[in-house]
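Heads up: the structure comes next, in structure tokens.
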Amino acid sequence: MAHVPVWLRTTDSASQPPPSRNKCRSRKTAEGITKETRVEMPPAEPAPFLMRSDGKRYGGKATCSAAHGCPGSLLDGTRRRSGEGLWNGARRGRKEGGHTEPPGDRTTEPGRGARRLWEGKAEDTVQGTIFPAPDFNPVLDAQVLGAALQGFDCDKDVLVSVLPRRCGAQRQVIVAAYRDMCGQDLIEDLKERLSHHFKEVMVGLMYPPPCYDAHELWHAMKGAGTDENCLIDILASRTNGEIFQMREAYSLQYGRDLQEDIYSETSGHFRDTLINLAQGAREEGYADPGVAAQDATVLWEACQQKTGEHKAMLQTILCNKSQQQLWLVFQEFQNISGQDLVDAINECYDGHFQELLAAIVLCIRDKPAYFAYRLHSAIHDFGFHNKTVIRILIARSEIDLLTIRKRYKERYGKSLFHDIKNFASGHYEKALLAVCAGDADDY
């Protein structure tokens with residue numbers, strides 16, 4: 001991430017977090033501070049238990065809305081930016097979401113230019129590419145998959161026609177139906193019968209999101225060498241709730257503590273920042289313009305002096321302040337320094353620490369644009385870095401991959417569908433395009 005495009009560094013009113021349409025009620029706390037309480041819709045009916053690859057149940061029940069496999073989805077499959085869905089119903093730390101609500105009456109006078117951070121589109125939604133299949137029949141799907149995996153050469157076309165066209169919650173039901181029907185584990189059969197990158201896509205689709213993140217983090221740190229870019233992509237972009245579930249999955253799957261593994265496999269301020277993010281302790285739902293000016297001054301001093309103490313303060317602000325607060329901080333930093341924060345970070349720091357700090361800022365501003373940038377870099381700068389492309393497509397497929405596709409086309413002129421088709425081939429190409437949900441118009 002040595003060079004970040006201008007369109008990612010600058011704030012664009014079209015990509016600002018919009019006012020939320022969710023209703024809020026004011027309430028008085030014990031300290032007399034007025035806070036906003038979100039009035040949430042009644043919870044959806046729980047879907048069947050998520051299943052781990054060893055046949056055990058993972059976590060709680062997966063809440064699946066009427067038209068999407070996770071909470072926070074609208075009936076047309078789109079997602080409010082204030083809520084990227086989870087899978088096992090754990091609500092702790094969830095109210096911050098991917099993009100949070102604008103501040104209320106406390107910030108009616110946010111200071112120089114900060115008000116426009118919340119202006120723009122009346123409603124800006126993010127949308128994935130994979131939705132629940134209508135007329136879903138898990139027993140029939142299990143039978144079709146069982147037949148496709150039999151024989152000397154499995155029918156890969158059948159796998160592509162089924163697995164990427166079912167949402168994650170439906171795939172978990174298929175896993176259970178397959179076990180009941182065949183007495184075998186579907187994930188293990190996929191691992192045994194498939195190979196290379198096609199196997200990585202098909203097997204990756206079978207993991208619930210927290211398990212998939214845990215799987216990617218584990219493989220990024222195990223063995224010789226560490227895939228720092230994988231750690232950055234996951235930890236800089238996940239919400240508090242997603243990080244909590246990811247840690248639980250990591251402990252269940254591998255019997256280890258995620259933060260301890262990060263500590264042993266990384267070093268310096270890069271390690272400290274990753275561990276801070278892995279705690280999932282970002283503040284939620286509060287913005288103070290006065291504090292924002294102070295934080296911006298601290299960030300400016302940290303970029304000038306670069307002492308260990310200043311680096312620690314910089315990462316503390318970026319990892320722990322709420323998204324609303326950071327929007328104000330970014331604007332105040334621009335006012336104080338006359339420079340964009342990402343530019344200042346790139347000038348003052350280097351290595352993985354610099355890349356992580358820049359990723360945090362870019363994800364706060366526009367997460368789909370960040371992942372569009374990462375996909376373009378993985379495809380064009382690294383000769384099609386398969387692991388990065390697969391990881392982003394699978395992890396974002398039910399969250400914001402359609403929005404990522406739109407950002408990609410807007411920024412680079414060619415569609416993601418076009419670039420995948422040019423660089424991948426065979427059934428691997430078909431699987432990626434099925435997840436991407438590209439079509440002829442995109443080409």
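Order determines the names: the first chain of the structure tokens is A, the second B, and so forth; residues in each chain are numbered 1 upward, and ligands are numbered 1 upward as they are shown.
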Between range 361-393 of chain A and range 402-417 of chain A, at 8 Å or less, what are the per-residue closest atom pairs and their distances in Å? Count only C-alpha atoms, order by chain and rising residue number, and return it as CSV.
residue,atom,partner,partner_atom,distance
A:Pro368,CA,A:Ile404,CA,4.6
A:Ala369,CA,A:Arg407,CA,5.6
A:Phe371,CA,A:Ile404,CA,6.6
A:Ala372,CA,A:Tyr408,CA,5.0
A:Tyr373,CA,A:Tyr408,CA,7.3
A:His376,CA,A:Tyr408,CA,7.6
Could those residues be written to a file, using all heavy atoms, as a tab-separated table (two decimals), in the first residue's frame?
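This is the output file part_27.tsv:
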chain	number	residue	atom	x	y	z
A	368	PRO	N	-16.25	-0.20	1.10
A	368	PRO	CA	-16.27	-0.81	-0.23
A	368	PRO	C	-15.17	-0.25	-1.15
A	368	PRO	O	-14.59	-1.00	-1.94
A	368	PRO	CB	-17.66	-0.47	-0.76
A	368	PRO	CG	-18.50	-0.31	0.47
A	368	PRO	CD	-17.58	0.33	1.46
A	369	ALA	N	-14.89	1.04	-1.07
A	369	ALA	CA	-13.83	1.62	-1.90
A	369	ALA	C	-12.47	1.05	-1.51
A	369	ALA	O	-11.62	0.82	-2.38
A	369	ALA	CB	-13.82	3.15	-1.76
A	371	PHE	N	-11.87	-1.99	-0.34
A	371	PHE	CA	-11.75	-3.34	-0.86
A	371	PHE	C	-11.66	-3.35	-2.39
A	371	PHE	O	-11.03	-4.24	-2.97
A	371	PHE	CB	-12.91	-4.20	-0.37
A	371	PHE	CG	-12.72	-4.68	1.05
A	371	PHE	CD1	-13.57	-4.28	2.06
A	371	PHE	CD2	-11.67	-5.52	1.37
A	371	PHE	CE1	-13.39	-4.70	3.36
A	371	PHE	CE2	-11.47	-5.96	2.67
A	371	PHE	CZ	-12.33	-5.55	3.67
A	372	ALA	N	-12.28	-2.37	-3.05
A	372	ALA	CA	-12.10	-2.25	-4.50
A	372	ALA	C	-10.63	-1.97	-4.82
A	372	ALA	O	-10.06	-2.55	-5.75
A	372	ALA	CB	-12.99	-1.13	-5.05
A	373	TYR	N	-10.02	-1.11	-4.04
A	373	TYR	CA	-8.60	-0.80	-4.19
A	373	TYR	C	-7.74	-2.03	-3.95
A	373	TYR	O	-6.80	-2.33	-4.71
A	373	TYR	CB	-8.23	0.33	-3.23
A	373	TYR	CG	-6.76	0.48	-2.94
A	373	TYR	CD1	-5.87	0.84	-3.95
A	373	TYR	CD2	-6.27	0.28	-1.66
A	373	TYR	CE1	-4.52	0.99	-3.68
A	373	TYR	CE2	-4.92	0.42	-1.38
A	373	TYR	CZ	-4.05	0.77	-2.40
A	373	TYR	OH	-2.71	0.92	-2.13
A	376	HIS	N	-8.11	-4.47	-6.90
A	376	HIS	CA	-7.38	-4.00	-8.08
A	376	HIS	C	-5.88	-4.21	-7.91
A	376	HIS	O	-5.19	-4.63	-8.86
A	376	HIS	CB	-7.69	-2.52	-8.32
A	376	HIS	CG	-7.17	-2.01	-9.62
A	376	HIS	ND1	-5.95	-1.39	-9.75
A	376	HIS	CD2	-7.71	-2.03	-10.88
A	376	HIS	CE1	-5.74	-1.05	-11.01
A	376	HIS	NE2	-6.80	-1.42	-11.72
Quick one: pick out all alpha helix (DSSP H) residues within range 309-425 of chain A from a backbone DSSP run and write them as a PyMOL selection string.
chain A and resi 309-320+323-337+341-348+351-365+367-376+386-396+401-412+416-423
Nearby residues (only C-alpha atoms) at most 12 Å from His385 in chain A, same-chain spacing under 4 positions excluded, as number ranges by chain:
A: 197, 229-230, 374-381, 389-392, 420, 423-424
Need the shell around Cys319 in chain A: protein/DNA/RNA residues with any atom at most 7 Å away, counting only C-alpha atoms. Skip same-chain ones fewer than 2 positions apart. Format as a ChimeraX atom specification?
/A:276-277,282,315-317,321
Selected residues written out with N, CA, C and O atoms, as an mmCIF file, in the first residue's frame:
data_model
loop_
_atom_site.group_PDB
_atom_site.id
_atom_site.type_symbol
_atom_site.label_atom_id
_atom_site.label_comp_id
_atom_site.auth_asym_id
_atom_site.auth_seq_id
_atom_site.Cartn_x
_atom_site.Cartn_y
_atom_site.Cartn_z
ATOM 1 N N ASN A 276 -4.738 -4.161 19.547
ATOM 2 C CA ASN A 276 -5.775 -3.197 19.925
ATOM 3 C C ASN A 276 -7.035 -3.429 19.101
ATOM 4 O O ASN A 276 -8.152 -3.463 19.638
ATOM 5 N N LEU A 277 -6.888 -3.612 17.790
ATOM 6 C CA LEU A 277 -8.046 -3.873 16.934
ATOM 7 C C LEU A 277 -8.720 -5.196 17.294
ATOM 8 O O LEU A 277 -9.949 -5.307 17.272
ATOM 9 N N ARG A 282 -13.844 -0.627 20.012
ATOM 10 C CA ARG A 282 -14.082 0.717 19.473
ATOM 11 C C ARG A 282 -15.325 1.330 20.118
ATOM 12 O O ARG A 282 -16.351 0.667 20.281
ATOM 13 N N GLN A 315 -2.208 5.263 17.357
ATOM 14 C CA GLN A 315 -2.957 4.016 17.154
ATOM 15 C C GLN A 315 -4.109 3.885 18.137
ATOM 16 O O GLN A 315 -5.138 3.293 17.816
ATOM 17 N N THR A 316 -3.985 4.471 19.323
ATOM 18 C CA THR A 316 -5.085 4.423 20.282
ATOM 19 C C THR A 316 -6.295 5.188 19.758
ATOM 20 O O THR A 316 -7.437 4.723 19.852
ATOM 21 N N ILE A 317 -6.055 6.361 19.177
ATOM 22 C CA ILE A 317 -7.158 7.155 18.631
ATOM 23 C C ILE A 317 -7.818 6.427 17.467
ATOM 24 O O ILE A 317 -9.048 6.287 17.415
ATOM 25 N N LYS A 321 -11.579 5.228 18.927
ATOM 26 C CA LYS A 321 -12.602 6.253 18.783
ATOM 27 C C LYS A 321 -13.727 5.750 17.874
ATOM 28 O O LYS A 321 -13.502 4.951 16.960
#
With only C-alpha atoms as the basis for distance, which of A:Ile336, A:Pro209, A:Phe198, A:Thr307 is at the shortest distance from Tyr349 in chain A?
A:Thr307
Tell me which of A:Ile232, A:Leu145, A:Asp157, A:Gly223 sits closest to Arg271 in chain A, counting only C-alpha atoms.
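Of A:Ile232, A:Leu145, A:Asp157, A:Gly223, the one nearest Arg271 in chain A, counting only C-alpha atoms, is A:Ile232.
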Selected residue, from A:Phe353, A:Phe384, A:Tyr428, A:Tyr207, that lies nearest to Leu159 in chain A when counting only C-alpha atoms:
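With only C-alpha atoms as the atom set, the closest residue is A:Tyr428.
The space separating CA of Pro132 in chain A from CA of Ile394 in chain A comes to 15.2 Å.
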Please provide the set of residues having any atom within 12 Å of Ile262 in chain A, restricted to only C-alpha atoms, with same-chain residues fewer than 2 positions apart removed, written as a short mmCIF file (atom, residue, chain, number, x, y, z; two decimals) with all heavy atoms, in the first residue's frame.
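For reference, result_8.cif as written:
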data_model
loop_
_atom_site.label_atom_id
_atom_site.label_comp_id
_atom_site.auth_asym_id
_atom_site.auth_seq_id
_atom_site.Cartn_x
_atom_site.Cartn_y
_atom_site.Cartn_z
N LEU A 217 -7.04 -16.02 9.29
CA LEU A 217 -6.04 -15.50 10.24
C LEU A 217 -5.08 -16.60 10.68
O LEU A 217 -3.87 -16.38 10.80
CB LEU A 217 -6.75 -14.89 11.45
CG LEU A 217 -7.51 -13.58 11.20
CD1 LEU A 217 -8.31 -13.19 12.43
CD2 LEU A 217 -6.58 -12.45 10.79
N TRP A 218 -5.62 -17.78 10.93
CA TRP A 218 -4.79 -18.90 11.36
C TRP A 218 -3.75 -19.23 10.30
O TRP A 218 -2.55 -19.38 10.60
CB TRP A 218 -5.68 -20.11 11.64
CG TRP A 218 -4.94 -21.41 11.78
CD1 TRP A 218 -4.82 -22.39 10.85
CD2 TRP A 218 -4.22 -21.87 12.93
NE1 TRP A 218 -4.08 -23.44 11.34
CE2 TRP A 218 -3.69 -23.15 12.61
CE3 TRP A 218 -3.97 -21.35 14.19
CZ2 TRP A 218 -2.94 -23.89 13.51
CZ3 TRP A 218 -3.21 -22.09 15.09
CH2 TRP A 218 -2.71 -23.34 14.75
N ALA A 220 -2.70 -17.31 7.97
CA ALA A 220 -1.81 -16.17 7.75
C ALA A 220 -0.64 -16.17 8.73
O ALA A 220 0.41 -15.59 8.45
CB ALA A 220 -2.58 -14.86 7.87
N MET A 221 -0.83 -16.81 9.89
CA MET A 221 0.20 -16.76 10.93
C MET A 221 0.91 -18.08 11.17
O MET A 221 1.96 -18.11 11.80
CB MET A 221 -0.43 -16.28 12.25
CG MET A 221 -0.87 -14.83 12.23
SD MET A 221 -1.45 -14.23 13.83
CE MET A 221 -3.06 -15.02 13.92
N LYS A 222 0.35 -19.18 10.69
CA LYS A 222 0.97 -20.47 10.99
C LYS A 222 2.15 -20.72 10.05
O LYS A 222 2.21 -20.19 8.93
CB LYS A 222 -0.04 -21.61 10.87
CG LYS A 222 -0.30 -22.10 9.47
CD LYS A 222 -1.07 -23.41 9.49
CE LYS A 222 -1.13 -24.04 8.11
NZ LYS A 222 -1.76 -25.37 8.14
N THR A 226 4.64 -14.65 7.87
CA THR A 226 3.32 -14.16 8.23
C THR A 226 2.76 -13.34 7.08
O THR A 226 3.48 -12.53 6.48
CB THR A 226 3.39 -13.28 9.50
OG1 THR A 226 3.91 -14.05 10.57
CG2 THR A 226 2.01 -12.75 9.87
N ASP A 227 1.50 -13.55 6.76
CA ASP A 227 0.83 -12.77 5.72
C ASP A 227 0.24 -11.52 6.37
O ASP A 227 -0.91 -11.50 6.80
CB ASP A 227 -0.25 -13.61 5.04
CG ASP A 227 -0.90 -12.90 3.87
OD1 ASP A 227 -0.62 -11.70 3.65
OD2 ASP A 227 -1.72 -13.53 3.15
N GLU A 228 1.06 -10.47 6.47
CA GLU A 228 0.63 -9.25 7.14
C GLU A 228 -0.56 -8.60 6.45
O GLU A 228 -1.42 -8.00 7.12
CB GLU A 228 1.78 -8.26 7.24
CG GLU A 228 2.88 -8.64 8.21
CD GLU A 228 3.92 -9.57 7.60
OE1 GLU A 228 3.77 -9.89 6.40
OE2 GLU A 228 4.85 -9.96 8.31
N LEU A 231 -3.80 -10.01 7.73
CA LEU A 231 -4.12 -9.49 9.06
C LEU A 231 -4.68 -8.07 8.95
O LEU A 231 -5.65 -7.72 9.64
CB LEU A 231 -2.87 -9.48 9.94
CG LEU A 231 -2.16 -10.82 10.17
CD1 LEU A 231 -0.96 -10.63 11.09
CD2 LEU A 231 -3.11 -11.86 10.74
N ILE A 232 -4.08 -7.25 8.10
CA ILE A 232 -4.54 -5.87 7.93
C ILE A 232 -5.95 -5.83 7.36
O ILE A 232 -6.84 -5.14 7.89
CB ILE A 232 -3.57 -5.10 7.02
CG1 ILE A 232 -2.22 -4.91 7.72
CG2 ILE A 232 -4.15 -3.73 6.64
CD1 ILE A 232 -1.13 -4.33 6.83
N LEU A 235 -8.57 -7.29 10.21
CA LEU A 235 -8.71 -6.60 11.48
C LEU A 235 -9.02 -5.11 11.32
O LEU A 235 -9.66 -4.51 12.18
CB LEU A 235 -7.44 -6.79 12.32
CG LEU A 235 -7.23 -8.23 12.81
CD1 LEU A 235 -5.88 -8.39 13.50
CD2 LEU A 235 -8.35 -8.66 13.75
N ARG A 247 -12.98 -14.03 17.28
CA ARG A 247 -12.15 -14.54 18.38
C ARG A 247 -12.71 -15.83 18.95
O ARG A 247 -11.98 -16.78 19.25
CB ARG A 247 -12.03 -13.50 19.50
CG ARG A 247 -11.21 -12.28 19.15
CD ARG A 247 -10.67 -11.61 20.42
NE ARG A 247 -11.66 -11.53 21.48
CZ ARG A 247 -12.40 -10.47 21.74
NH1 ARG A 247 -12.27 -9.38 21.00
NH2 ARG A 247 -13.26 -10.47 22.74
N ARG A 256 -6.66 -21.89 20.47
CA ARG A 256 -5.65 -20.89 20.77
C ARG A 256 -6.31 -19.52 20.92
O ARG A 256 -7.44 -19.30 20.47
CB ARG A 256 -4.58 -20.84 19.68
CG ARG A 256 -3.83 -22.17 19.50
CD ARG A 256 -2.74 -22.02 18.47
NE ARG A 256 -1.75 -21.04 18.85
CZ ARG A 256 -0.69 -21.28 19.62
NH1 ARG A 256 -0.50 -22.49 20.11
NH2 ARG A 256 0.17 -20.33 19.93
N ASP A 257 -5.57 -18.60 21.52
CA ASP A 257 -6.06 -17.24 21.69
C ASP A 257 -5.53 -16.37 20.55
O ASP A 257 -4.32 -16.34 20.29
CB ASP A 257 -5.59 -16.66 23.03
CG ASP A 257 -6.13 -15.27 23.27
OD1 ASP A 257 -7.29 -15.15 23.70
OD2 ASP A 257 -5.38 -14.29 23.00
N LEU A 258 -6.42 -15.68 19.85
CA LEU A 258 -6.04 -14.89 18.69
C LEU A 258 -5.02 -13.82 19.05
O LEU A 258 -4.01 -13.64 18.34
CB LEU A 258 -7.28 -14.24 18.07
CG LEU A 258 -7.04 -13.28 16.91
CD1 LEU A 258 -6.33 -13.97 15.76
CD2 LEU A 258 -8.36 -12.66 16.45
N GLN A 259 -5.24 -13.10 20.14
CA GLN A 259 -4.34 -12.02 20.50
C GLN A 259 -2.95 -12.55 20.87
O GLN A 259 -1.94 -11.91 20.56
CB GLN A 259 -4.93 -11.20 21.64
CG GLN A 259 -6.23 -10.49 21.25
CD GLN A 259 -6.83 -9.71 22.40
OE1 GLN A 259 -6.20 -8.81 22.94
NE2 GLN A 259 -8.05 -10.05 22.77
N GLU A 260 -2.90 -13.70 21.50
CA GLU A 260 -1.60 -14.28 21.83
C GLU A 260 -0.84 -14.69 20.57
O GLU A 260 0.39 -14.49 20.49
CB GLU A 260 -1.79 -15.50 22.75
CG GLU A 260 -2.26 -15.15 24.15
CD GLU A 260 -2.44 -16.38 25.01
OE1 GLU A 260 -2.19 -17.50 24.50
OE2 GLU A 260 -2.83 -16.23 26.18
N SER A 264 2.80 -13.19 19.18
CA SER A 264 3.98 -14.01 18.92
C SER A 264 4.45 -13.94 17.47
O SER A 264 5.63 -14.20 17.19
CB SER A 264 3.70 -15.47 19.29
OG SER A 264 2.70 -16.02 18.46
N GLU A 265 3.56 -13.56 16.55
CA GLU A 265 3.90 -13.60 15.12
C GLU A 265 4.21 -12.23 14.52
O GLU A 265 4.63 -12.15 13.36
CB GLU A 265 2.76 -14.25 14.32
CG GLU A 265 2.50 -15.69 14.68
CD GLU A 265 3.68 -16.60 14.36
OE1 GLU A 265 4.40 -16.32 13.39
OE2 GLU A 265 3.88 -17.59 15.09
N THR A 266 3.98 -11.15 15.25
CA THR A 266 4.26 -9.80 14.75
C THR A 266 5.08 -9.05 15.78
O THR A 266 5.41 -9.59 16.84
CB THR A 266 2.95 -9.04 14.46
OG1 THR A 266 2.15 -9.00 15.66
CG2 THR A 266 2.15 -9.73 13.36
N SER A 267 5.41 -7.81 15.48
CA SER A 267 6.29 -7.08 16.40
C SER A 267 6.04 -5.58 16.31
O SER A 267 5.38 -5.09 15.37
CB SER A 267 7.76 -7.37 16.08
OG SER A 267 8.06 -6.95 14.75
N GLY A 268 6.57 -4.85 17.29
CA GLY A 268 6.57 -3.39 17.28
C GLY A 268 5.20 -2.76 17.37
O GLY A 268 4.24 -3.35 17.88
N PHE A 270 3.25 -2.16 14.95
CA PHE A 270 2.32 -2.92 14.11
C PHE A 270 1.59 -3.96 14.95
O PHE A 270 0.36 -4.08 14.87
CB PHE A 270 3.11 -3.58 12.97
CG PHE A 270 2.28 -4.46 12.07
CD1 PHE A 270 1.25 -3.93 11.31
CD2 PHE A 270 2.53 -5.82 11.97
CE1 PHE A 270 0.49 -4.74 10.46
CE2 PHE A 270 1.78 -6.64 11.14
CZ PHE A 270 0.75 -6.09 10.39
N ARG A 271 2.33 -4.68 15.77
CA ARG A 271 1.73 -5.68 16.65
C ARG A 271 0.77 -5.02 17.65
O ARG A 271 -0.36 -5.51 17.86
CB ARG A 271 2.82 -6.43 17.41
CG ARG A 271 2.29 -7.40 18.46
CD ARG A 271 3.43 -8.05 19.22
NE ARG A 271 4.20 -7.07 19.99
CZ ARG A 271 5.39 -7.32 20.54
NH1 ARG A 271 5.94 -8.50 20.39
NH2 ARG A 271 6.00 -6.38 21.22
N ASP A 272 1.19 -3.92 18.26
CA ASP A 272 0.34 -3.26 19.25
C ASP A 272 -0.99 -2.81 18.64
O ASP A 272 -2.04 -2.93 19.27
CB ASP A 272 1.08 -2.05 19.84
CG ASP A 272 2.34 -2.45 20.61
OD1 ASP A 272 2.43 -3.62 21.01
OD2 ASP A 272 3.21 -1.59 20.79
N THR A 273 -0.92 -2.30 17.42
CA THR A 273 -2.14 -1.83 16.76
C THR A 273 -3.06 -2.99 16.41
O THR A 273 -4.28 -2.91 16.58
CB THR A 273 -1.78 -1.03 15.50
OG1 THR A 273 -0.82 -0.01 15.83
CG2 THR A 273 -3.02 -0.36 14.92
N LEU A 274 -2.49 -4.10 15.92
CA LEU A 274 -3.31 -5.27 15.61
C LEU A 274 -4.00 -5.81 16.86
O LEU A 274 -5.19 -6.16 16.83
CB LEU A 274 -2.44 -6.37 14.99
CG LEU A 274 -1.95 -6.15 13.55
CD1 LEU A 274 -1.00 -7.28 13.16
CD2 LEU A 274 -3.11 -6.08 12.57
N ILE A 275 -3.26 -5.89 17.96
CA ILE A 275 -3.85 -6.40 19.20
C ILE A 275 -4.96 -5.47 19.68
O ILE A 275 -6.00 -5.92 20.18
CB ILE A 275 -2.75 -6.58 20.27
CG1 ILE A 275 -1.82 -7.73 19.86
CG2 ILE A 275 -3.37 -6.85 21.63
CD1 ILE A 275 -0.66 -7.94 20.80
N ASN A 276 -4.74 -4.16 19.55
CA ASN A 276 -5.78 -3.20 19.92
C ASN A 276 -7.04 -3.43 19.10
O ASN A 276 -8.15 -3.46 19.64
CB ASN A 276 -5.25 -1.78 19.72
CG ASN A 276 -6.07 -0.74 20.47
OD1 ASN A 276 -7.24 -0.92 20.72
ND2 ASN A 276 -5.43 0.36 20.84
N LEU A 277 -6.89 -3.61 17.79
CA LEU A 277 -8.05 -3.87 16.93
C LEU A 277 -8.72 -5.20 17.29
O LEU A 277 -9.95 -5.31 17.27
CB LEU A 277 -7.61 -3.90 15.47
CG LEU A 277 -7.19 -2.57 14.84
CD1 LEU A 277 -6.56 -2.81 13.47
CD2 LEU A 277 -8.37 -1.62 14.72
N ALA A 278 -7.92 -6.21 17.63
CA ALA A 278 -8.46 -7.53 17.93
C ALA A 278 -9.26 -7.56 19.23
O ALA A 278 -9.99 -8.51 19.48
CB ALA A 278 -7.33 -8.56 18.01
N GLN A 279 -9.15 -6.52 20.04
CA GLN A 279 -9.95 -6.44 21.25
C GLN A 279 -11.40 -6.08 20.94
O GLN A 279 -12.30 -6.32 21.75
CB GLN A 279 -9.35 -5.41 22.20
CG GLN A 279 -7.99 -5.81 22.76
CD GLN A 279 -7.35 -4.71 23.57
OE1 GLN A 279 -7.92 -3.61 23.72
NE2 GLN A 279 -6.15 -4.95 24.08
#
Counting only C-alpha atoms, figure out which residue out of A:Pro210, A:Gly338, A:Gly183, A:Gly241 gets nearest to Ala142 in chain A.
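Going through A:Pro210, A:Gly338, A:Gly183, A:Gly241 one by one, the smallest distance to Ala142 in chain A is for A:Gly183.
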Please, what distance in Å, to one decimal, runs between CA of Pro164 in chain A and CA of Ala148 in chain A?
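These atoms are spaced 15.2 Å apart.
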I'd like the contact shell of range 359-363 of chain A - 7 Å cut-off, only C-alpha atoms, skipping same-chain residues fewer than 3 positions apart - returned as a ChimeraX atom specification.
/A:8,236-237,355-356,366-367,370
